[in-house]
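Listing of structure34.txt, compact mmCIF, C-alpha atoms
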```txt
# COMPACT_ATOMS: atom_id res chain seq x y z
CA MET A 1 4.67 -49.48 -30.68
CA GLU A 2 7.86 -50.02 -32.76
CA MET A 3 9.06 -52.69 -30.30
CA THR A 4 5.75 -54.57 -30.44
CA MET A 5 5.68 -54.66 -34.25
CA GLY A 6 9.31 -55.71 -34.48
CA PHE A 7 8.88 -59.09 -32.83
CA PRO A 8 6.33 -60.57 -35.32
CA LEU A 9 8.46 -59.18 -38.15
CA LEU A 10 11.55 -61.03 -36.91
CA LEU A 11 9.53 -64.23 -36.54
CA LEU A 12 8.25 -63.81 -40.04
CA ILE A 13 11.77 -63.29 -41.34
CA CYS A 14 12.96 -66.40 -39.51
CA SER A 15 9.99 -68.40 -40.82
CA LEU A 16 10.72 -67.24 -44.32
CA SER A 17 14.35 -68.17 -43.88
CA THR A 18 13.37 -71.62 -42.64
CA ALA A 19 10.97 -72.09 -45.51
CA GLN A 20 13.64 -70.97 -47.91
CA LEU A 21 16.04 -73.46 -46.40
CA GLN A 22 13.52 -76.24 -46.73
CA SER A 23 13.00 -75.29 -50.34
CA ASP A 24 16.72 -75.24 -50.89
CA LYS A 25 16.94 -78.61 -49.26
CA GLU A 26 14.83 -80.13 -52.00
CA ILE A 27 17.04 -78.77 -54.73
CA VAL A 28 20.39 -79.20 -53.08
CA PRO A 29 22.41 -81.87 -54.89
CA HIS A 30 23.21 -85.04 -53.02
CA HIS A 31 26.87 -84.26 -53.13
CA ALA A 32 26.22 -81.11 -50.83
CA GLU A 33 25.32 -83.34 -47.91
CA SER A 34 27.85 -83.75 -45.21
CA GLN A 35 29.54 -86.97 -44.52
CA GLY A 36 27.14 -87.62 -41.66
CA GLY A 37 24.15 -87.49 -43.98
CA GLU A 38 22.65 -84.15 -42.72
CA PRO A 39 22.39 -80.96 -44.82
CA THR A 40 24.94 -78.54 -43.42
CA ASN A 41 23.19 -75.23 -44.35
CA VAL A 42 19.79 -76.18 -42.84
CA SER A 43 21.29 -77.13 -39.51
CA GLU A 44 23.28 -73.92 -39.23
CA HIS A 45 20.27 -71.70 -40.03
CA GLN A 46 18.05 -73.56 -37.60
CA GLN A 47 20.56 -72.89 -34.81
CA THR A 48 21.29 -69.24 -35.73
CA CYS A 49 17.70 -67.95 -36.03
CA PRO A 50 16.60 -68.63 -32.41
CA GLN A 51 19.86 -67.17 -31.19
CA ASP A 52 19.22 -63.96 -33.17
CA ILE A 53 15.68 -63.73 -31.79
CA HIS A 54 16.85 -64.08 -28.19
CA ALA A 55 19.56 -61.48 -28.74
CA VAL A 56 17.05 -59.02 -30.20
CA LEU A 57 14.61 -59.72 -27.38
CA ARG A 58 17.31 -59.06 -24.81
CA GLU A 59 18.23 -55.79 -26.50
CA MET A 60 14.56 -54.82 -26.72
CA SER A 61 13.98 -55.68 -23.05
CA ALA A 62 17.03 -53.68 -21.99
CA SER A 63 15.94 -50.74 -24.13
CA LEU A 64 12.40 -50.96 -22.74
CA ALA A 65 13.75 -51.02 -19.19
CA GLU A 66 15.90 -47.95 -19.89
CA GLN A 67 12.91 -46.15 -21.38
CA ARG A 68 10.79 -47.02 -18.37
CA VAL A 69 13.49 -45.67 -16.04
CA GLU A 70 13.73 -42.53 -18.14
CA MET A 71 9.93 -42.16 -18.11
CA ARG A 72 9.86 -42.49 -14.32
CA HIS A 73 12.64 -39.91 -14.06
CA LEU A 74 10.80 -37.50 -16.35
CA GLN A 75 7.57 -38.12 -14.46
CA ARG A 76 9.27 -37.24 -11.16
CA GLU A 77 10.76 -34.11 -12.71
CA ASN A 78 7.35 -33.15 -14.09
CA GLU A 79 5.73 -33.67 -10.69
CA GLY A 80 8.45 -31.56 -9.07
CA GLN A 81 7.99 -28.76 -11.60
CA THR A 82 4.21 -28.90 -11.12
CA ALA A 83 4.60 -28.68 -7.34
CA LYS A 84 6.97 -25.69 -7.68
CA LEU A 85 4.54 -23.98 -10.04
CA LYS A 86 1.68 -24.46 -7.59
CA GLU A 87 3.85 -23.11 -4.78
CA LEU A 88 4.75 -20.03 -6.84
CA ASP A 89 1.08 -19.46 -7.63
CA LEU A 90 0.26 -19.67 -3.93
CA GLN A 91 3.06 -17.23 -3.10
CA LYS A 92 1.85 -14.82 -5.77
CA THR A 93 -1.71 -15.02 -4.46
CA GLU A 94 -0.48 -14.43 -0.91
CA LEU A 95 1.58 -11.42 -1.98
CA GLU A 96 -1.41 -9.93 -3.78
CA ARG A 97 -3.56 -10.53 -0.69
CA GLN A 98 -0.95 -8.91 1.55
CA LYS A 99 -0.71 -5.94 -0.81
CA ILE A 100 -4.48 -5.42 -0.69
CA GLU A 101 -4.46 -5.82 3.09
CA GLY A 102 -1.60 -3.32 3.34
CA GLU A 103 -3.51 -0.74 1.31
CA ARG A 104 -6.57 -1.26 3.52
CA LEU A 105 -4.52 -0.86 6.69
CA LYS A 106 -2.86 2.25 5.27
CA GLN A 107 -6.25 3.82 4.62
CA GLU A 108 -7.43 2.87 8.10
CA LEU A 109 -4.30 4.42 9.62
CA GLN A 110 -4.88 7.64 7.70
CA VAL A 111 -8.47 7.79 8.95
CA GLN A 112 -7.36 7.02 12.49
CA ALA A 113 -4.63 9.67 12.30
CA ALA A 114 -7.20 12.26 11.22
CA GLU A 115 -9.54 11.18 14.00
CA LEU A 116 -6.68 11.34 16.50
CA ILE A 117 -5.86 14.89 15.46
CA THR A 118 -9.51 15.87 15.87
CA VAL A 119 -9.75 14.19 19.29
CA LYS A 120 -6.48 15.78 20.36
CA ALA A 121 -7.68 19.20 19.27
CA ARG A 122 -10.95 18.72 21.16
CA SER A 123 -9.04 17.52 24.19
CA ASN A 124 -6.81 20.57 24.08
CA VAL A 125 -9.86 22.81 23.80
CA THR A 126 -11.44 21.09 26.79
CA GLU A 127 -8.27 21.37 28.83
CA ASN A 128 -7.92 25.00 27.87
CA GLN A 129 -11.53 25.64 28.82
CA VAL A 130 -10.89 24.11 32.22
CA GLU A 131 -7.75 26.18 32.66
CA ALA A 132 -9.63 29.28 31.54
CA LEU A 133 -12.33 28.64 34.11
CA LYS A 134 -9.66 28.18 36.77
CA ARG A 135 -8.15 31.50 35.82
CA ASP A 136 -11.50 33.24 35.91
CA GLY A 137 -10.93 36.89 36.67
CA GLU A 138 -7.75 37.26 34.59
CA VAL A 139 -9.81 37.86 31.45
CA PHE A 140 -13.47 37.54 30.73
CA SER A 141 -12.92 34.16 29.09
CA ASN A 142 -10.20 32.43 27.12
CA ILE A 143 -11.91 29.30 25.84
CA GLY A 144 -9.39 27.26 23.91
CA ASN A 145 -6.54 29.28 25.44
CA ALA A 146 -5.78 30.81 22.07
CA TYR A 147 -5.32 34.27 23.60
CA ASN A 148 -1.99 35.02 25.29
CA ALA A 149 -2.56 37.57 27.99
CA ASN A 150 1.15 38.37 28.16
CA THR A 151 1.51 39.31 24.50
CA ASP A 152 -2.14 40.20 23.74
CA VAL A 153 -1.96 37.95 20.67
CA VAL A 154 -4.48 35.31 19.53
CA ILE A 155 -2.86 32.21 17.97
CA VAL A 156 -5.37 30.37 15.76
CA PRO A 157 -5.81 26.76 17.06
CA VAL A 158 -7.83 25.30 14.15
CA ARG A 159 -8.54 26.32 10.57
CA GLY A 160 -11.86 28.09 10.24
CA ALA A 161 -13.89 31.31 10.08
CA TYR A 162 -13.44 33.66 13.05
CA HIS A 163 -15.17 36.89 14.06
CA PHE A 164 -13.34 39.62 16.00
CA GLU A 165 -14.66 42.79 17.63
CA LEU A 166 -12.88 45.71 19.24
CA TYR A 167 -14.34 48.45 21.46
CA ILE A 168 -12.37 51.41 22.77
CA ALA A 169 -13.18 54.29 25.05
CA ALA A 170 -11.27 57.43 26.04
CA HIS A 171 -11.60 60.86 27.58
CA GLY A 172 -11.32 63.61 25.02
CA GLU A 173 -8.01 65.45 24.85
CA LYS A 174 -6.63 67.92 22.41
CA SER A 175 -3.18 66.33 22.29
CA HIS A 176 -4.15 62.68 22.08
CA GLY A 177 -6.49 60.67 19.91
CA SER A 178 -7.78 57.11 20.45
CA PHE A 179 -7.03 54.77 17.54
CA VAL A 180 -6.54 51.01 17.48
CA THR A 181 -5.82 48.74 14.47
CA LEU A 182 -6.70 45.03 14.10
CA PHE A 183 -3.91 42.97 12.46
CA LYS A 184 -3.78 39.45 11.00
CA ASN A 185 -0.12 38.50 11.13
CA GLY A 186 1.35 41.72 9.68
CA GLU A 187 -1.69 42.62 7.58
CA HIS A 188 -3.86 45.63 8.45
CA ILE A 189 -7.50 44.52 8.71
CA CYS A 190 -9.56 47.32 10.25
CA GLN A 191 -9.41 50.02 12.87
CA ALA A 192 -11.54 51.80 15.47
CA GLY A 193 -10.91 55.25 16.88
CA GLU A 194 -11.83 58.87 17.36
CA HIS A 195 -10.29 62.13 18.41
CA GLN A 196 -12.28 64.61 20.43
CA THR A 197 -11.06 67.41 22.58
CA SER A 198 -13.43 66.88 25.48
CA HIS A 199 -15.97 64.52 27.07
CA PHE A 200 -15.94 60.73 27.05
CA GLY A 201 -16.05 58.96 23.71
CA LYS A 202 -16.25 55.41 22.35
CA SER A 203 -15.59 53.64 19.04
CA ALA A 204 -15.99 50.10 17.75
CA ASN A 205 -15.29 47.87 14.73
CA GLY A 206 -15.13 44.19 13.80
CA ALA A 207 -14.22 41.70 11.07
CA THR A 208 -14.79 38.07 10.07
CA LEU A 209 -11.62 36.28 8.88
CA LEU A 210 -10.71 32.93 7.36
CA LEU A 211 -7.65 31.83 9.33
CA GLU A 212 -5.18 28.96 9.17
CA VAL A 213 -3.70 27.14 12.14
CA GLY A 214 -0.91 29.17 13.74
CA GLU A 215 -1.84 32.57 12.32
CA ALA A 216 -1.78 35.51 14.74
CA VAL A 217 -4.46 38.17 15.35
CA PHE A 218 -3.80 41.16 17.59
CA LEU A 219 -4.46 44.87 18.26
CA ARG A 220 -1.98 47.70 18.09
CA LEU A 221 -2.48 51.14 19.60
CA TRP A 222 -1.45 53.99 17.34
CA GLN A 223 1.53 56.10 18.26
CA ASN A 224 0.60 59.07 20.48
CA SER A 225 -2.84 57.51 21.10
CA LYS A 226 -4.38 56.29 24.32
CA ILE A 227 -7.50 54.50 25.50
CA TYR A 228 -9.25 54.26 28.85
CA ASP A 229 -10.38 51.24 30.86
CA ASP A 230 -11.28 50.29 34.44
CA GLN A 231 -13.25 47.65 36.32
CA ASN A 232 -16.20 48.41 34.06
CA HIS A 233 -14.24 47.22 30.99
CA HIS A 234 -14.93 50.12 28.65
CA SER A 235 -12.27 48.90 26.17
CA THR A 236 -12.47 45.25 25.05
CA PHE A 237 -11.13 42.93 22.38
CA SER A 238 -12.94 39.66 21.63
CA GLY A 239 -13.05 36.95 19.01
CA HIS A 240 -14.61 33.54 18.52
CA LEU A 241 -14.71 30.66 16.06
CA LEU A 242 -17.77 30.62 13.83
CA PHE A 243 -17.09 27.22 12.20
CA THR A 244 -14.17 25.06 11.14
CA ILE A 245 -13.24 24.49 7.50
```
As C-alpha cells, the full file:
Amino acid sequence: MEMTMGFPLLLLICSLSTAQLQSDKEIVPHHAESQGGEPTNVSEHQQTCPQDIHAVLREMSASLAEQRVEMRHLQRENEGQTAKLKELDLQKTELERQKIEGERLKQELQVQAAELITVKARSNVTENQVEALKRDGEVFSNIGNAYNANTDVVIVPVRGAYHFELYIAAHGEKSHGSFVTLFKNGEHICQAGEHQTSHFGKSANGATLLLEVGEAVFLRLWQNSKIYDDQNHHSTFSGHLLFTI
C-alpha cells in the first residue's frame, strides 16, 4: 500500500516543481537567460525530474521483487510447518490408538490366560481320571489323582471346599487302642477312635475344609494304636471336592 501511494505523490511533487519553474520563468529577469536564449534552471529541472522518477520506480520494483521472494519463502516455510504439524497430529493419534489397542490385547491375554489355566486343570483332571480308571483295583478311586498312594497324602489340585471322611475298625485289645487324626498341613482337624478290650469295634468322623492349591490333607495313626482292614475295606479314608471358589 505504501508503494502504491508513493508513485502519485512523486508525480505530484514533480508537477509542482514544474509549475513552480514555470512560475519562476515568468519572473526571472532577462539577464538570467543563457547565451543560447533558453532558461537554464527550467531545462535542468525538466531533465532531473523524470530521472528521479525512474530511479525511484527501479528501487520500488527491486524492493517489491525482494518482498515477493521473501513472501514465497515464508509461504513455503509455513506450508512445511503445517505439514509437519499435521504429521505430528497423525503420529499422536496413531500412538493413542496403539495404546488403546494394547490395553485391549492385554485384557484379552489375561482372560485367555485364565481360560487356559481352567482348561489345563480340567485336562489334568480328565487325564487323572483316565489313569485312575486304568489303575482300578489299587484304590477305590482316585479321580483327579490328588491322592498319593505311596505317601497317603492328598495334595489339593484346585482352590475350593472339600469334604473328608475317615472310618476305622479294630479288634478290641487291652494294650492297644484305635485312634486316627485328620491333618491339614500340620494342623489337627479331627479324629476318630476307640479303645475296647474285646470284640470288634468301629469309629468314624469327617470334616469340610476350605483348601488352597497345594495344601496337604492326610491321616496319622496314633502311637501305640492299630487298626484293622482286609478285602472288605473296614477302614477307609475318602474326600471329594464340593465346589471351587
Quick one: pull the distance between CA of Leu64 in chain A and CA of Thr82 in chain A, Å, one decimal. 26.2 Å
Dump as JSON, numbers by chain all residues having an atom at most 7 Å from (-13.3, 47.8, 10.3), computed in the file's coordinates with all atoms listed in the file. {"A": [189, 190, 191, 192, 205, 206, 207]}
Atomic separation - CA of Ala170 in chain A relative to CA of Gln196 in chain A, Å: 9.2 Å
Tell me which of A:Glu165, A:Glu87, A:Glu173, A:Asp52 sits closest to Thr208 in chain A, counting only C-alpha atoms.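 Comparing A:Glu165, A:Glu87, A:Glu173, A:Asp52 against Thr208 in chain A, the winner is A:Glu165.
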Got a sec: who's within 10 Å of range 243-245 of chain A, counting all atoms listed in the file, leaving out chain neighbours fewer than 4 positions off, as an mmCIF file with C-alpha atoms, keeping the file's coordinate frame?
```cif
data_model
loop_
_atom_site.group_PDB
_atom_site.id
_atom_site.type_symbol
_atom_site.label_atom_id
_atom_site.label_comp_id
_atom_site.auth_asym_id
_atom_site.auth_seq_id
_atom_site.Cartn_x
_atom_site.Cartn_y
_atom_site.Cartn_z
ATOM 1 C CA VAL A 158 -7.830 25.300 14.150
ATOM 2 C CA ARG A 159 -8.540 26.320 10.570
ATOM 3 C CA GLY A 160 -11.860 28.090 10.240
ATOM 4 C CA ALA A 161 -13.890 31.310 10.080
ATOM 5 C CA TYR A 162 -13.440 33.660 13.050
ATOM 6 C CA LEU A 210 -10.710 32.930 7.360
ATOM 7 C CA LEU A 211 -7.650 31.830 9.330
ATOM 8 C CA GLU A 212 -5.180 28.960 9.170
#
```
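Counting from CA of Ile143 in chain A, the distance to CA of His240 in chain A is 8.9 Å.
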Among the residues A:Arg68, A:His233, A:His54, A:Lys184, the one that comes closest to Tyr167 in chain A [using only C-alpha atoms]: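 Ranked by minimum distance to Tyr167 in chain A, first place goes to A:His233.
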Given only C-alpha atoms as the counted atoms, nearest of A:Leu242, A:Thr151, A:Asn224, A:Glu194 to Phe164 in chain A: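 Checking each candidate against Phe164 in chain A, we get A:Leu242 as the closest.
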So that I can see what lies close to Ala121 in chain A, please list as a PyMOL selection string the residues with an atom at most 10 Å from it, counting all atoms listed in the file and leaving out residues fewer than 6 positions away in the same chain. chain A and resi 115+127+144+157-158
Which residue gives the smallest distance to Ser175 in chain A among A:Leu85, A:Ser141, A:Val156, A:Gln223, with all atoms listed in the file counted?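 Among the listed residues, A:Gln223 lies closest to Ser175 in chain A.
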Residues proximal to (-12.2, 45.6, 20.2) were defined as those with any atom within 7 Å of that point in the file's coordinates, counting all atoms listed in the file. Which are they, as a PDB file with C-alpha atoms, in the coordinates of the input?
```pdb
ATOM      1  CA  GLU A 165     -14.660  42.790  17.630  1.00  0.00           C
ATOM      2  CA  LEU A 166     -12.880  45.710  19.240  1.00  0.00           C
ATOM      3  CA  TYR A 167     -14.340  48.450  21.460  1.00  0.00           C
ATOM      4  CA  ILE A 168     -12.370  51.410  22.770  1.00  0.00           C
ATOM      5  CA  ALA A 204     -15.990  50.100  17.750  1.00  0.00           C
ATOM      6  CA  ASN A 205     -15.290  47.870  14.730  1.00  0.00           C
ATOM      7  CA  SER A 235     -12.270  48.900  26.170  1.00  0.00           C
ATOM      8  CA  THR A 236     -12.470  45.250  25.050  1.00  0.00           C
ATOM      9  CA  PHE A 237     -11.130  42.930  22.380  1.00  0.00           C
ATOM     10  CA  SER A 238     -12.940  39.660  21.630  1.00  0.00           C
TER      11      SER A 238
END
```
Because some atoms of range 71-97 of chain A are absent here, can you restore N, CA, C and O atoms and send them as a CSV table (one decimal), keeping the file's coordinate frame?
```csv
chain,number,residue,atom,x,y,z
A,71,MET,N,11.3,-42.7,-18.3
A,71,MET,CA,9.9,-42.2,-18.1
A,71,MET,C,9.6,-41.9,-16.6
A,71,MET,O,9.0,-40.8,-16.3
A,72,ARG,N,10.1,-42.8,-15.7
A,72,ARG,CA,9.9,-42.5,-14.3
A,72,ARG,C,10.6,-41.2,-13.9
A,72,ARG,O,10.1,-40.4,-13.1
A,73,HIS,N,11.8,-41.1,-14.4
A,73,HIS,CA,12.6,-39.9,-14.1
A,73,HIS,C,12.0,-38.6,-14.6
A,73,HIS,O,11.8,-37.6,-13.8
A,74,LEU,N,11.5,-38.7,-15.8
A,74,LEU,CA,10.8,-37.5,-16.4
A,74,LEU,C,9.5,-37.2,-15.6
A,74,LEU,O,9.1,-36.1,-15.4
A,75,GLN,N,8.8,-38.3,-15.2
A,75,GLN,CA,7.6,-38.1,-14.5
A,75,GLN,C,7.8,-37.4,-13.1
A,75,GLN,O,7.1,-36.5,-12.7
A,76,ARG,N,8.9,-37.9,-12.4
A,76,ARG,CA,9.3,-37.2,-11.2
A,76,ARG,C,9.6,-35.8,-11.4
A,76,ARG,O,9.3,-34.9,-10.6
A,77,GLU,N,10.4,-35.5,-12.4
A,77,GLU,CA,10.8,-34.1,-12.7
A,77,GLU,C,9.5,-33.3,-13.0
A,77,GLU,O,9.4,-32.1,-12.5
A,78,ASN,N,8.6,-33.9,-13.8
A,78,ASN,CA,7.4,-33.2,-14.1
A,78,ASN,C,6.5,-32.9,-12.8
A,78,ASN,O,6.0,-31.8,-12.7
A,79,GLU,N,6.5,-33.9,-11.9
A,79,GLU,CA,5.7,-33.7,-10.7
A,79,GLU,C,6.4,-32.6,-9.8
A,79,GLU,O,5.7,-31.8,-9.2
A,80,GLY,N,7.7,-32.6,-9.8
A,80,GLY,CA,8.4,-31.6,-9.1
A,80,GLY,C,8.2,-30.2,-9.6
A,80,GLY,O,8.0,-29.2,-8.9
A,81,GLN,N,8.2,-30.1,-11.0
A,81,GLN,CA,8.0,-28.8,-11.6
A,81,GLN,C,6.6,-28.3,-11.3
A,81,GLN,O,6.3,-27.1,-11.1
A,82,THR,N,5.6,-29.2,-11.4
A,82,THR,CA,4.2,-28.9,-11.1
A,82,THR,C,4.0,-28.4,-9.7
A,82,THR,O,3.3,-27.4,-9.4
A,83,ALA,N,4.7,-29.1,-8.7
A,83,ALA,CA,4.6,-28.7,-7.3
A,83,ALA,C,5.2,-27.3,-7.1
A,83,ALA,O,4.6,-26.5,-6.4
A,84,LYS,N,6.4,-27.0,-7.8
A,84,LYS,CA,7.0,-25.7,-7.7
A,84,LYS,C,6.1,-24.6,-8.3
A,84,LYS,O,5.9,-23.5,-7.7
A,85,LEU,N,5.4,-24.9,-9.4
A,85,LEU,CA,4.5,-24.0,-10.0
A,85,LEU,C,3.3,-23.7,-9.1
A,85,LEU,O,3.0,-22.5,-9.0
A,86,LYS,N,2.8,-24.7,-8.5
A,86,LYS,CA,1.7,-24.5,-7.6
A,86,LYS,C,2.1,-23.6,-6.4
A,86,LYS,O,1.4,-22.7,-6.0
A,87,GLU,N,3.3,-23.9,-5.9
A,87,GLU,CA,3.8,-23.1,-4.8
A,87,GLU,C,4.0,-21.7,-5.2
A,87,GLU,O,3.7,-20.7,-4.4
A,88,LEU,N,4.6,-21.4,-6.4
A,88,LEU,CA,4.8,-20.0,-6.8
A,88,LEU,C,3.4,-19.3,-7.0
A,88,LEU,O,3.3,-18.1,-6.7
A,89,ASP,N,2.4,-20.1,-7.5
A,89,ASP,CA,1.1,-19.5,-7.6
A,89,ASP,C,0.5,-19.1,-6.3
A,89,ASP,O,-0.1,-18.0,-6.1
A,90,LEU,N,0.7,-20.0,-5.3
A,90,LEU,CA,0.3,-19.7,-3.9
A,90,LEU,C,1.0,-18.5,-3.4
A,90,LEU,O,0.4,-17.6,-2.7
A,91,GLN,N,2.3,-18.4,-3.6
A,91,GLN,CA,3.1,-17.2,-3.1
A,91,GLN,C,2.6,-15.9,-3.8
A,91,GLN,O,2.5,-14.9,-3.1
A,92,LYS,N,2.3,-16.0,-5.1
A,92,LYS,CA,1.8,-14.8,-5.8
A,92,LYS,C,0.5,-14.4,-5.2
A,92,LYS,O,0.3,-13.2,-5.0
A,93,THR,N,-0.4,-15.3,-5.0
A,93,THR,CA,-1.7,-15.0,-4.5
A,93,THR,C,-1.6,-14.4,-3.1
A,93,THR,O,-2.3,-13.4,-2.7
A,94,GLU,N,-0.7,-15.0,-2.3
A,94,GLU,CA,-0.5,-14.4,-0.9
A,94,GLU,C,0.1,-13.0,-0.9
A,94,GLU,O,-0.3,-12.1,-0.2
A,95,LEU,N,1.0,-12.8,-1.9
A,95,LEU,CA,1.6,-11.4,-2.0
A,95,LEU,C,0.5,-10.4,-2.4
A,95,LEU,O,0.5,-9.3,-1.9
A,96,GLU,N,-0.3,-10.8,-3.3
A,96,GLU,CA,-1.4,-9.9,-3.8
A,96,GLU,C,-2.4,-9.7,-2.6
A,96,GLU,O,-2.8,-8.5,-2.4
A,97,ARG,N,-2.7,-10.7,-1.8
A,97,ARG,CA,-3.6,-10.5,-0.7
A,97,ARG,C,-2.9,-9.6,0.3
A,97,ARG,O,-3.6,-8.7,0.9
```
